[in-house]
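Pasting protein04.cif here (mmCIF, C-alpha atoms and all ligand atoms):
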```
data_target
#
loop_
_atom_site.group_PDB
_atom_site.id
_atom_site.type_symbol
_atom_site.label_atom_id
_atom_site.label_comp_id
_atom_site.auth_asym_id
_atom_site.auth_seq_id
_atom_site.Cartn_x
_atom_site.Cartn_y
_atom_site.Cartn_z
ATOM 1 C CA MET S 10 18.983 -11.683 -11.579
ATOM 2 C CA GLY S 11 16.376 -8.910 -11.512
ATOM 3 C CA ARG S 12 12.760 -9.419 -10.543
ATOM 4 C CA VAL S 13 11.500 -8.781 -14.110
ATOM 5 C CA THR S 14 14.599 -9.646 -16.132
ATOM 6 C CA ASP S 15 14.064 -9.501 -19.913
ATOM 7 C CA LYS S 16 10.360 -8.795 -19.639
ATOM 8 C CA VAL S 17 9.150 -6.176 -22.119
ATOM 9 C CA ALA S 18 7.025 -3.417 -20.604
ATOM 10 C CA ILE S 19 5.013 -0.540 -22.072
ATOM 11 C CA ILE S 20 4.331 2.270 -19.601
ATOM 12 C CA THR S 21 1.967 5.100 -20.549
ATOM 13 C CA GLY S 22 2.232 8.506 -18.930
ATOM 14 C CA ALA S 23 5.894 7.627 -18.514
ATOM 15 C CA ALA S 24 7.297 11.119 -19.068
ATOM 16 C CA SER S 25 6.419 12.180 -15.518
ATOM 17 C CA GLY S 26 5.467 11.225 -11.978
ATOM 18 C CA LEU S 27 4.269 7.707 -11.222
ATOM 19 C CA GLY S 28 4.740 6.405 -14.765
ATOM 20 C CA LEU S 29 8.344 7.591 -14.837
ATOM 21 C CA ALA S 30 9.099 6.176 -11.371
ATOM 22 C CA SER S 31 7.618 2.837 -12.447
ATOM 23 C CA ALA S 32 9.642 2.791 -15.679
ATOM 24 C CA ARG S 33 12.823 3.412 -13.696
ATOM 25 C CA ARG S 34 12.019 0.725 -11.115
ATOM 26 C CA LEU S 35 11.118 -1.899 -13.759
ATOM 27 C CA ALA S 36 14.325 -1.100 -15.672
ATOM 28 C CA GLU S 37 16.382 -1.421 -12.474
ATOM 29 C CA GLU S 38 15.001 -4.932 -12.094
ATOM 30 C CA GLY S 39 15.925 -5.953 -15.634
ATOM 31 C CA ALA S 40 12.892 -5.097 -17.784
ATOM 32 C CA ARG S 41 13.187 -3.613 -21.260
ATOM 33 C CA VAL S 42 10.934 -0.587 -20.944
ATOM 34 C CA VAL S 43 9.051 1.355 -23.590
ATOM 35 C CA LEU S 44 8.093 4.771 -22.258
ATOM 36 C CA ALA S 45 4.965 6.077 -23.994
ATOM 37 C CA ASP S 46 3.567 9.569 -23.536
ATOM 38 C CA ILE S 47 1.919 12.442 -25.386
ATOM 39 C CA ASN S 48 4.757 14.715 -24.180
ATOM 40 C CA LEU S 49 7.387 13.961 -26.807
ATOM 41 C CA GLU S 50 10.203 16.207 -25.600
ATOM 42 C CA GLN S 51 10.082 15.249 -21.922
ATOM 43 C CA GLY S 52 9.424 11.590 -22.694
ATOM 44 C CA GLN S 53 12.435 11.331 -24.977
ATOM 45 C CA ALA S 54 14.651 13.135 -22.444
ATOM 46 C CA VAL S 55 13.783 10.855 -19.515
ATOM 47 C CA ALA S 56 13.964 7.699 -21.649
ATOM 48 C CA ASP S 57 17.498 8.665 -22.670
ATOM 49 C CA GLU S 58 18.538 8.388 -19.014
ATOM 50 C CA ILE S 59 17.175 4.864 -18.468
ATOM 51 C CA PRO S 60 19.426 2.016 -19.621
ATOM 52 C CA GLY S 61 17.886 -0.005 -22.456
ATOM 53 C CA ALA S 62 14.769 2.178 -22.558
ATOM 54 C CA ARG S 63 13.100 3.690 -25.582
ATOM 55 C CA PHE S 64 10.439 6.338 -26.038
ATOM 56 C CA GLU S 65 7.336 6.109 -28.223
ATOM 57 C CA HIS S 66 4.965 8.987 -28.816
ATOM 58 C CA LEU S 67 1.423 7.951 -27.851
ATOM 59 C CA ASP S 68 -1.875 9.730 -27.379
ATOM 60 C CA VAL S 69 -3.767 7.118 -25.358
ATOM 61 C CA THR S 70 -7.146 8.550 -26.406
ATOM 62 C CA ARG S 71 -6.793 7.235 -29.995
ATOM 63 C CA GLU S 72 -7.316 3.516 -30.582
ATOM 64 C CA ALA S 73 -5.410 3.643 -33.877
ATOM 65 C CA ASN S 74 -2.325 4.896 -32.007
ATOM 66 C CA TRP S 75 -2.570 1.973 -29.599
ATOM 67 C CA ILE S 76 -2.809 -0.575 -32.410
ATOM 68 C CA ALA S 77 0.242 0.958 -34.091
ATOM 69 C CA LEU S 78 2.302 1.019 -30.868
ATOM 70 C CA ILE S 79 1.548 -2.524 -29.747
ATOM 71 C CA ASP S 80 2.095 -3.943 -33.228
ATOM 72 C CA LYS S 81 5.390 -2.042 -33.481
ATOM 73 C CA VAL S 82 6.652 -3.420 -30.167
ATOM 74 C CA ILE S 83 5.728 -6.959 -31.191
ATOM 75 C CA ALA S 84 7.412 -6.484 -34.587
ATOM 76 C CA ASP S 85 10.550 -5.037 -33.002
ATOM 77 C CA VAL S 86 11.075 -7.158 -29.892
ATOM 78 C CA GLY S 87 8.657 -10.027 -30.408
ATOM 79 C CA ARG S 88 6.778 -9.844 -27.103
ATOM 80 C CA LEU S 89 4.877 -7.762 -24.593
ATOM 81 C CA ASP S 90 4.870 -8.976 -20.990
ATOM 82 C CA ILE S 91 3.757 -5.907 -19.034
ATOM 83 C CA LEU S 92 1.455 -2.960 -19.727
ATOM 84 C CA LEU S 93 1.107 -0.179 -17.163
ATOM 85 C CA ASN S 94 -1.766 2.152 -18.061
ATOM 86 C CA CYS S 95 -0.645 5.216 -16.110
ATOM 87 C CA ALA S 96 -1.506 8.235 -18.294
ATOM 88 C CA GLY S 97 -4.074 10.404 -16.547
ATOM 89 C CA ILE S 98 -5.249 13.960 -16.058
ATOM 90 C CA VAL S 99 -7.272 15.654 -13.342
ATOM 91 C CA ARG S 100 -9.451 18.792 -13.318
ATOM 92 C CA LEU S 101 -10.898 20.103 -10.070
ATOM 93 C CA ALA S 102 -14.685 20.461 -10.392
ATOM 94 C CA SER S 103 -17.767 19.339 -8.475
ATOM 95 C CA ILE S 104 -20.640 17.712 -10.371
ATOM 96 C CA GLU S 105 -22.269 21.155 -10.466
ATOM 97 C CA ASP S 106 -19.294 22.673 -12.295
ATOM 98 C CA THR S 107 -18.337 19.725 -14.471
ATOM 99 C CA THR S 108 -18.884 20.708 -18.091
ATOM 100 C CA GLU S 109 -19.270 18.284 -20.958
ATOM 101 C CA GLU S 110 -15.743 19.285 -22.014
ATOM 102 C CA ILE S 111 -14.203 18.461 -18.602
ATOM 103 C CA TRP S 112 -16.095 15.174 -18.425
ATOM 104 C CA ARG S 113 -15.031 14.086 -21.909
ATOM 105 C CA GLN S 114 -11.398 15.180 -21.498
ATOM 106 C CA ILE S 115 -10.833 13.278 -18.254
ATOM 107 C CA ASN S 116 -12.648 10.197 -19.488
ATOM 108 C CA ALA S 117 -10.875 10.270 -22.864
ATOM 109 C CA VAL S 118 -7.457 9.949 -21.221
ATOM 110 C CA GLY S 119 -8.376 7.798 -18.221
ATOM 111 C CA THR S 120 -11.319 5.632 -19.264
ATOM 112 C CA ASP S 121 -10.882 5.404 -23.061
ATOM 113 C CA GLY S 122 -7.091 5.216 -22.856
ATOM 114 C CA THR S 123 -7.180 2.345 -20.383
ATOM 115 C CA PHE S 124 -9.868 0.524 -22.374
ATOM 116 C CA PHE S 125 -7.831 0.660 -25.604
ATOM 117 C CA GLY S 126 -4.643 -0.325 -23.781
ATOM 118 C CA CYS S 127 -6.235 -3.344 -22.090
ATOM 119 C CA LYS S 128 -7.943 -4.433 -25.315
ATOM 120 C CA HIS S 129 -4.823 -4.425 -27.467
ATOM 121 C CA ALA S 130 -2.420 -5.730 -24.825
ATOM 122 C CA LEU S 131 -4.790 -8.634 -24.176
ATOM 123 C CA ARG S 132 -4.902 -9.325 -27.934
ATOM 124 C CA VAL S 133 -1.160 -10.002 -28.119
ATOM 125 C CA MET S 134 -0.568 -11.307 -24.580
ATOM 126 C CA LYS S 135 -3.132 -14.096 -24.875
ATOM 127 C CA VAL S 136 -1.418 -15.384 -28.018
ATOM 128 C CA ALA S 137 1.853 -15.539 -26.069
ATOM 129 C CA GLY S 138 0.122 -17.309 -23.163
ATOM 130 C CA GLY S 139 0.442 -14.623 -20.513
ATOM 131 C CA GLY S 140 1.221 -11.133 -19.318
ATOM 132 C CA SER S 141 0.479 -8.574 -16.643
ATOM 133 C CA ILE S 142 -1.722 -5.526 -17.192
ATOM 134 C CA ILE S 143 -1.633 -2.920 -14.433
ATOM 135 C CA ASN S 144 -4.121 -0.052 -14.393
ATOM 136 C CA MET S 145 -3.368 3.084 -12.386
ATOM 137 C CA CYS S 146 -6.495 3.944 -10.432
ATOM 138 C CA SER S 147 -6.679 6.062 -7.301
ATOM 139 C CA THR S 148 -8.184 6.105 -3.839
ATOM 140 C CA ALA S 149 -10.683 8.409 -5.612
ATOM 141 C CA SER S 150 -12.375 5.253 -6.927
ATOM 142 C CA ILE S 151 -12.889 4.070 -3.345
ATOM 143 C CA GLN S 152 -14.063 7.211 -1.606
ATOM 144 C CA GLY S 153 -14.909 9.770 -4.342
ATOM 145 C CA GLY S 154 -14.493 13.445 -3.556
ATOM 146 C CA PRO S 155 -16.622 16.577 -3.931
ATOM 147 C CA MET S 156 -14.164 18.351 -6.273
ATOM 148 C CA ILE S 157 -13.016 15.417 -8.385
ATOM 149 C CA PHE S 158 -16.335 14.261 -9.812
ATOM 150 C CA ALA S 159 -15.238 13.229 -13.324
ATOM 151 C CA TYR S 160 -11.860 11.937 -12.132
ATOM 152 C CA ALA S 161 -13.435 9.664 -9.497
ATOM 153 C CA ALA S 162 -15.942 8.412 -12.085
ATOM 154 C CA SER S 163 -13.156 7.602 -14.532
ATOM 155 C CA LYS S 164 -11.071 5.832 -11.899
ATOM 156 C CA SER S 165 -14.126 3.811 -10.848
ATOM 157 C CA ALA S 166 -14.659 2.769 -14.472
ATOM 158 C CA ILE S 167 -11.024 1.659 -14.657
ATOM 159 C CA ARG S 168 -11.446 -0.359 -11.464
ATOM 160 C CA GLY S 169 -14.431 -2.152 -13.008
ATOM 161 C CA MET S 170 -12.673 -2.751 -16.339
ATOM 162 C CA THR S 171 -9.735 -4.276 -14.483
ATOM 163 C CA LYS S 172 -11.892 -6.908 -12.817
ATOM 164 C CA SER S 173 -13.734 -7.715 -16.060
ATOM 165 C CA VAL S 174 -10.456 -8.282 -17.935
ATOM 166 C CA ALA S 175 -9.098 -10.434 -15.096
ATOM 167 C CA VAL S 176 -12.156 -12.682 -14.933
ATOM 168 C CA LEU S 177 -12.363 -13.083 -18.725
ATOM 169 C CA SER S 178 -8.710 -14.054 -18.840
ATOM 170 C CA ALA S 179 -9.022 -16.508 -15.945
ATOM 171 C CA GLN S 180 -12.136 -18.148 -17.426
ATOM 172 C CA HIS S 181 -10.566 -18.522 -20.869
ATOM 173 C CA GLY S 182 -7.144 -19.573 -19.610
ATOM 174 C CA TYR S 183 -5.395 -16.656 -21.315
ATOM 175 C CA GLY S 184 -2.800 -16.420 -18.541
ATOM 176 C CA VAL S 185 -3.078 -12.633 -18.516
ATOM 177 C CA ARG S 186 -3.415 -10.989 -15.110
ATOM 178 C CA CYS S 187 -5.024 -7.576 -14.700
ATOM 179 C CA ASN S 188 -4.842 -5.575 -11.471
ATOM 180 C CA SER S 189 -5.412 -1.987 -10.403
ATOM 181 C CA VAL S 190 -3.247 0.193 -8.156
ATOM 182 C CA HIS S 191 -4.904 2.828 -5.951
ATOM 183 C CA PRO S 192 -2.464 5.434 -4.685
ATOM 184 C CA GLY S 193 -3.362 8.126 -2.180
ATOM 185 C CA ASN S 194 -1.644 11.509 -2.609
ATOM 186 C CA MET S 195 1.775 11.071 -4.181
ATOM 187 C CA ARG S 196 4.457 13.727 -4.664
ATOM 188 C CA THR S 197 4.226 14.322 -8.449
ATOM 189 C CA PRO S 198 3.629 17.298 -10.772
ATOM 190 C CA MET S 199 -0.084 16.357 -10.872
ATOM 191 C CA LEU S 200 -0.446 16.715 -7.089
ATOM 192 C CA GLU S 201 1.617 19.913 -7.029
ATOM 193 C CA GLY S 202 -0.627 21.388 -9.754
ATOM 194 C CA MET S 203 -3.765 20.536 -7.776
ATOM 195 C CA LYS S 204 -2.351 22.020 -4.573
ATOM 196 C CA GLU S 205 -1.464 25.226 -6.411
ATOM 197 C CA ILE S 206 -5.043 25.647 -7.659
ATOM 198 C CA VAL S 207 -6.474 24.965 -4.191
ATOM 199 C CA ARG S 208 -4.024 27.454 -2.625
ATOM 200 C CA GLU S 209 -5.209 30.147 -5.056
ATOM 201 C CA ASN S 210 -8.938 29.467 -4.642
ATOM 202 C CA ASP S 211 -9.447 28.185 -1.108
ATOM 203 C CA PRO S 212 -6.646 28.910 1.417
ATOM 204 C CA GLU S 213 -8.541 27.089 4.211
ATOM 205 C CA ALA S 214 -8.793 23.891 2.170
ATOM 206 C CA ALA S 215 -5.141 24.286 1.177
ATOM 207 C CA LYS S 216 -4.172 24.401 4.870
ATOM 208 C CA ALA S 217 -6.153 21.221 5.535
ATOM 209 C CA MET S 218 -4.432 19.535 2.589
ATOM 210 C CA GLU S 219 -1.064 20.106 4.223
ATOM 211 C CA ASN S 220 -2.053 17.613 6.961
ATOM 212 C CA VAL S 221 -2.797 14.834 4.508
ATOM 213 C CA TRP S 222 -0.197 12.110 4.098
ATOM 214 C CA VAL S 223 1.832 12.261 0.875
ATOM 215 C CA GLY S 224 3.772 9.285 -0.449
ATOM 216 C CA GLU S 225 6.696 9.083 -2.850
ATOM 217 C CA PRO S 226 6.380 7.893 -6.469
ATOM 218 C CA VAL S 227 8.716 4.979 -5.739
ATOM 219 C CA ASP S 228 6.175 3.651 -3.187
ATOM 220 C CA VAL S 229 3.752 3.157 -6.084
ATOM 221 C CA ALA S 230 6.489 1.919 -8.413
ATOM 222 C CA ASN S 231 7.305 -0.864 -5.955
ATOM 223 C CA MET S 232 3.681 -2.047 -6.060
ATOM 224 C CA VAL S 233 3.767 -1.913 -9.871
ATOM 225 C CA LEU S 234 6.978 -3.953 -9.835
ATOM 226 C CA PHE S 235 5.383 -6.637 -7.651
ATOM 227 C CA LEU S 236 2.326 -6.875 -9.933
ATOM 228 C CA ALA S 237 4.534 -6.938 -13.040
ATOM 229 C CA SER S 238 6.726 -9.731 -11.682
ATOM 230 C CA ASP S 239 5.956 -13.436 -11.401
ATOM 231 C CA GLU S 240 5.899 -13.002 -7.593
ATOM 232 C CA SER S 241 2.248 -11.944 -7.978
ATOM 233 C CA VAL S 242 1.241 -14.955 -10.077
ATOM 234 C CA ALA S 243 -1.852 -15.561 -7.895
ATOM 235 C CA VAL S 244 -2.920 -11.899 -7.796
ATOM 236 C CA ASN S 245 -5.539 -11.218 -10.481
ATOM 237 C CA GLY S 246 -8.427 -8.757 -10.489
ATOM 238 C CA ALA S 247 -7.165 -7.155 -7.285
ATOM 239 C CA ALA S 248 -7.350 -3.508 -6.219
ATOM 240 C CA MET S 249 -4.059 -2.745 -4.484
ATOM 241 C CA VAL S 250 -4.190 0.324 -2.246
ATOM 242 C CA VAL S 251 -1.012 2.347 -1.590
ATOM 243 C CA ASP S 252 -2.178 5.037 0.840
ATOM 244 C CA ASN S 253 -0.842 4.421 4.356
ATOM 245 C CA THR S 254 -4.436 4.173 5.738
ATOM 246 C CA THR S 255 -5.674 7.508 4.369
ATOM 247 C CA THR S 256 -8.844 5.985 2.899
ATOM 248 C CA ILE S 257 -9.641 4.682 6.391
ATOM 249 C CA THR S 258 -8.653 7.787 8.311
ATOM 250 C CA GLU S 259 -10.122 10.371 5.893
ATOM 251 C CA GLY S 260 -6.718 11.687 4.948
ATOM 252 C CA VAL S 261 -5.047 12.431 8.241
ATOM 253 C CA VAL S 262 -2.880 9.618 9.541
ATOM 254 C CA PRO S 263 -3.395 9.623 13.324
ATOM 255 C CA HIS S 264 -0.347 9.902 15.586
HETATM 256 N N1 LIG I 301 -0.067 11.909 -7.956
HETATM 257 C C1 LIG I 301 -1.047 11.415 -7.233
HETATM 258 O O1 LIG I 301 -1.257 11.827 -6.097
HETATM 259 C C2 LIG I 301 -1.928 10.320 -7.823
HETATM 260 C C3 LIG I 301 -2.778 9.642 -6.926
HETATM 261 C C4 LIG I 301 -3.586 8.643 -7.411
HETATM 262 C C5 LIG I 301 -3.556 8.308 -8.749
HETATM 263 N N2 LIG I 301 -2.740 8.977 -9.613
HETATM 264 C C6 LIG I 301 -2.757 8.565 -11.025
HETATM 265 O O2 LIG I 301 -1.452 8.200 -11.439
HETATM 266 C C7 LIG I 301 -1.292 8.467 -12.824
HETATM 267 C C8 LIG I 301 -0.048 9.314 -13.015
HETATM 268 O O3 LIG I 301 -0.227 10.539 -12.312
HETATM 269 P P1 LIG I 301 0.995 11.510 -11.953
HETATM 270 O O4 LIG I 301 0.729 12.066 -10.633
HETATM 271 O O5 LIG I 301 2.255 10.799 -12.239
HETATM 272 O O6 LIG I 301 0.720 12.673 -13.039
HETATM 273 P P2 LIG I 301 1.708 13.481 -13.977
HETATM 274 O O7 LIG I 301 0.892 14.646 -14.434
HETATM 275 O O8 LIG I 301 2.998 13.709 -13.313
HETATM 276 O O9 LIG I 301 1.940 12.485 -15.222
HETATM 277 C C9 LIG I 301 0.918 12.148 -16.103
HETATM 278 C C10 LIG I 301 1.519 11.828 -17.459
HETATM 279 O O10 LIG I 301 0.451 11.440 -18.362
HETATM 280 C C11 LIG I 301 0.719 11.996 -19.628
HETATM 281 N N3 LIG I 301 -0.488 12.110 -20.453
HETATM 282 C C12 LIG I 301 -1.529 12.948 -20.269
HETATM 283 N N4 LIG I 301 -2.415 12.791 -21.261
HETATM 284 C C13 LIG I 301 -1.939 11.827 -22.089
HETATM 285 C C14 LIG I 301 -2.397 11.211 -23.292
HETATM 286 N N5 LIG I 301 -3.546 11.581 -23.871
HETATM 287 N N6 LIG I 301 -1.651 10.225 -23.850
HETATM 288 C C15 LIG I 301 -0.472 9.857 -23.295
HETATM 289 N N7 LIG I 301 0.025 10.396 -22.170
HETATM 290 C C16 LIG I 301 -0.699 11.374 -21.568
HETATM 291 C C17 LIG I 301 1.343 13.374 -19.309
HETATM 292 O O11 LIG I 301 2.045 13.906 -20.414
HETATM 293 C C18 LIG I 301 2.228 13.033 -18.117
HETATM 294 O O12 LIG I 301 3.523 12.695 -18.530
HETATM 295 C C19 LIG I 301 -2.582 9.141 -13.282
HETATM 296 O O13 LIG I 301 -3.422 8.176 -13.878
HETATM 297 C C20 LIG I 301 -3.178 9.660 -11.989
HETATM 298 O O14 LIG I 301 -4.560 9.800 -12.073
HETATM 299 C C21 LIG I 301 -1.914 9.979 -9.170
#
```
Kindly present the structure from the file in structure tokens form.
Ligand SMILES: NC(=O)c1ccc[n+]([C@@H]2O[C@H](COP(=O)([O-])OP(=O)(O)OC[C@H]3O[C@@H](n4cnc5c(N)ncnc54)[C@H](O)[C@@H]3O)[C@@H](O)[C@H]2O)c1
Amino acid sequence: MGRVTDKVAIITGAASGLGLASARRLAEEGARVVLADINLEQGQAVADEIPGARFEHLDVTREANWIALIDKVIADVGRLDILLNCAGIVRLASIEDTTEEIWRQINAVGTDGTFFGCKHALRVMKVAGGGSIINMCSTASIQGGPMIFAYAASKSAIRGMTKSVAVLSAQHGYGVRCNSVHPGNMRTPMLEGMKEIVRENDPEAAKAMENVWVGEPVDVANMVLFLASDESVAVNGAAMVVDNTTTITEGVVPH
């Protein structure tokens, strides 16, 4: 018996990185996973390799797309137990260099996407009497960062939304839990892309980055699995950090 046997899960940003690792881990433990991503080709290819999985094209920034996806899953399989809002993008810019375009792009995917996902998952989960919504945040929402101004703002908004959904659900007896996960640096294409830009623009900073702890996507997927399962029945509105102390030690884990 798996830890999430027969639960139905939607995972956004599932074509890559942490979303993909979480989809694989949930499927290993018996969930029926729906991988959702804007990247159709890659999403379909990775879904084909996961037993019982299916891929759905989704741009998380459009509420109409969310309504269509959630209603389709309910029509097809009759339930939604787990939503992992994992789609996200990052652009390196300080507040001084953050344009309206950068601000809106990052917040469209992170903030708007998570808002629409929570809203429409809650709509169907409360009717069924329960569910688990998991929002991918970041240690950026705890400590900020000079070059991730819009990203840290978006992750902080997601952290706040998470707690608001959790409290509403608890007060109204919806049975829906909502928690956020806050990874430090994790070995994914997003992190590799950031490191590449830093290497090109600031070799000193790139050298310093090499000393910062980096975790594996499965480390985050295991936290997602716990929050998705009934093992975390008393965990609601929590901010779960997966960073091996790096928020405490400013990045470098002391020896
Ligand atoms: N990698 C890290 O170090 C790290 C640390 C903390 C938090 N995070 C967060 O984890 C999440 C996943 O990051 P990752 O490292 O796996 O990145 P990634 O770039 O590997 O994957 C992100 C996925 O999101 C998808 N996506 C982007 N825009 C979308 C949209 N509009 N609609 C649907 N899908 C969209 C991409 O196609 C991609 O498949 C993000 O929210 C990120 O902010 C990552």
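Interatomic distance, CA of Gly193 (chain S) to CA of Lys164 (chain S): 12.6 Å.
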Next on the checklist: Can you pull out every residue with an atom within 7 Å of ligand LIG 301 (chain I)? Use all atoms listed in the file and format it as number ranges by chain.
Outcome noted: S: 21-28, 45-48, 67-70, 95-99, 118-119, 145-148, 191-200
Item to check | Selection as JSON, numbers by chain: residues within 12 Å of (-14.7, 10.9, -12.4), counting all atoms listed in the file | outcome: {"S": [97, 98, 99, 100, 101, 102, 103, 104, 107, 111, 112, 113, 114, 115, 116, 117, 118, 119, 120, 146, 147, 148, 149, 150, 151, 152, 153, 154, 155, 156, 157, 158, 159, 160, 161, 162, 163, 164, 165, 166, 167, 168]}
Next on the checklist: With only C-alpha atoms as the counted atoms, please give the residues lying no more than 9 Å from region 125-134 of chain S, apart from itself and same-chain residues fewer than 4 positions off, as a ChimeraX atom specification.
Outcome noted: /S:69-72,75-76,79-80,83,88-94,120-121,138-144,170-171,174,178,183-185,187
Item to check | Distance of CA of Thr14 (chain S) from CA of Ala36 (chain S), expressed in Å to one decimal place | outcome: 8.6 Å
Item to check | Point-to-point distance from CA of Glu50 (chain S) to CA of Arg63 (chain S), Å rounded to tenths | outcome: 12.8 Å
Checklist entry - Do you know which residues are at most 10 Å from Glu259 (chain S) counting all atoms listed in the file, after dropping those on the same chain fewer than 3 positions away, and could you put them as a list in words? => result Gln152, Val221, Thr254, Thr255, Thr256 and Val262 of chain S
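Shortest atom-to-atom contact with Leu234 (chain S) among S:Val190, S:Pro212, S:Val43, S:Thr108: S:Val190, counting only C-alpha atoms.
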Using the chain letters and residue numbers of this document, give as a short mmCIF file (atom, residue, chain, number, x, y, z; two decimals) with C-alpha atoms, in the frame of the given file the residues selected by the PyMOL selection byres (((chain S and resi 230-232) around 9) and not hetatm).
```
data_model
loop_
_atom_site.label_atom_id
_atom_site.label_comp_id
_atom_site.auth_asym_id
_atom_site.auth_seq_id
_atom_site.Cartn_x
_atom_site.Cartn_y
_atom_site.Cartn_z
CA LEU S 27 4.27 7.71 -11.22
CA GLY S 28 4.74 6.40 -14.76
CA LEU S 29 8.34 7.59 -14.84
CA ALA S 30 9.10 6.18 -11.37
CA SER S 31 7.62 2.84 -12.45
CA ALA S 32 9.64 2.79 -15.68
CA ARG S 33 12.82 3.41 -13.70
CA ARG S 34 12.02 0.72 -11.12
CA LEU S 35 11.12 -1.90 -13.76
CA VAL S 190 -3.25 0.19 -8.16
CA PRO S 226 6.38 7.89 -6.47
CA VAL S 227 8.72 4.98 -5.74
CA ASP S 228 6.18 3.65 -3.19
CA VAL S 229 3.75 3.16 -6.08
CA VAL S 233 3.77 -1.91 -9.87
CA LEU S 234 6.98 -3.95 -9.84
CA PHE S 235 5.38 -6.64 -7.65
CA LEU S 236 2.33 -6.88 -9.93
CA ALA S 237 4.53 -6.94 -13.04
CA MET S 249 -4.06 -2.74 -4.48
CA VAL S 251 -1.01 2.35 -1.59
#
```
Next on the checklist: For the provided coordinates, the residues matched by the PyMOL selection byres (((chain S and resi 40) around 8) and not hetatm) should be stated as a VMD selection string.
Outcome noted: chain S and resid 13 to 18 35 to 39 41 to 42
Expected file contents, prior selection, C-alpha atoms, as an mmCIF file, in the coordinates of the input:
```cif
data_model
loop_
_atom_site.group_PDB
_atom_site.id
_atom_site.type_symbol
_atom_site.label_atom_id
_atom_site.label_comp_id
_atom_site.auth_asym_id
_atom_site.auth_seq_id
_atom_site.Cartn_x
_atom_site.Cartn_y
_atom_site.Cartn_z
ATOM 1 C CA VAL S 13 11.500 -8.781 -14.110
ATOM 2 C CA THR S 14 14.599 -9.646 -16.132
ATOM 3 C CA ASP S 15 14.064 -9.501 -19.913
ATOM 4 C CA LYS S 16 10.360 -8.795 -19.639
ATOM 5 C CA VAL S 17 9.150 -6.176 -22.119
ATOM 6 C CA ALA S 18 7.025 -3.417 -20.604
ATOM 7 C CA LEU S 35 11.118 -1.899 -13.759
ATOM 8 C CA ALA S 36 14.325 -1.100 -15.672
ATOM 9 C CA GLU S 37 16.382 -1.421 -12.474
ATOM 10 C CA GLU S 38 15.001 -4.932 -12.094
ATOM 11 C CA GLY S 39 15.925 -5.953 -15.634
ATOM 12 C CA ARG S 41 13.187 -3.613 -21.260
ATOM 13 C CA VAL S 42 10.934 -0.587 -20.944
#
```
Once 4 Å is added on each side, what centre and edge lengths in Å to one decimal does the axis-aligned box around all listed atoms of region 40-56 of chain S have, as lines of an AutoDock Vina configuration file?
```
center_x = 8.3
center_y = 5.6
center_z = -22.3
size_x = 20.7
size_y = 29.3
size_z = 17.0
```
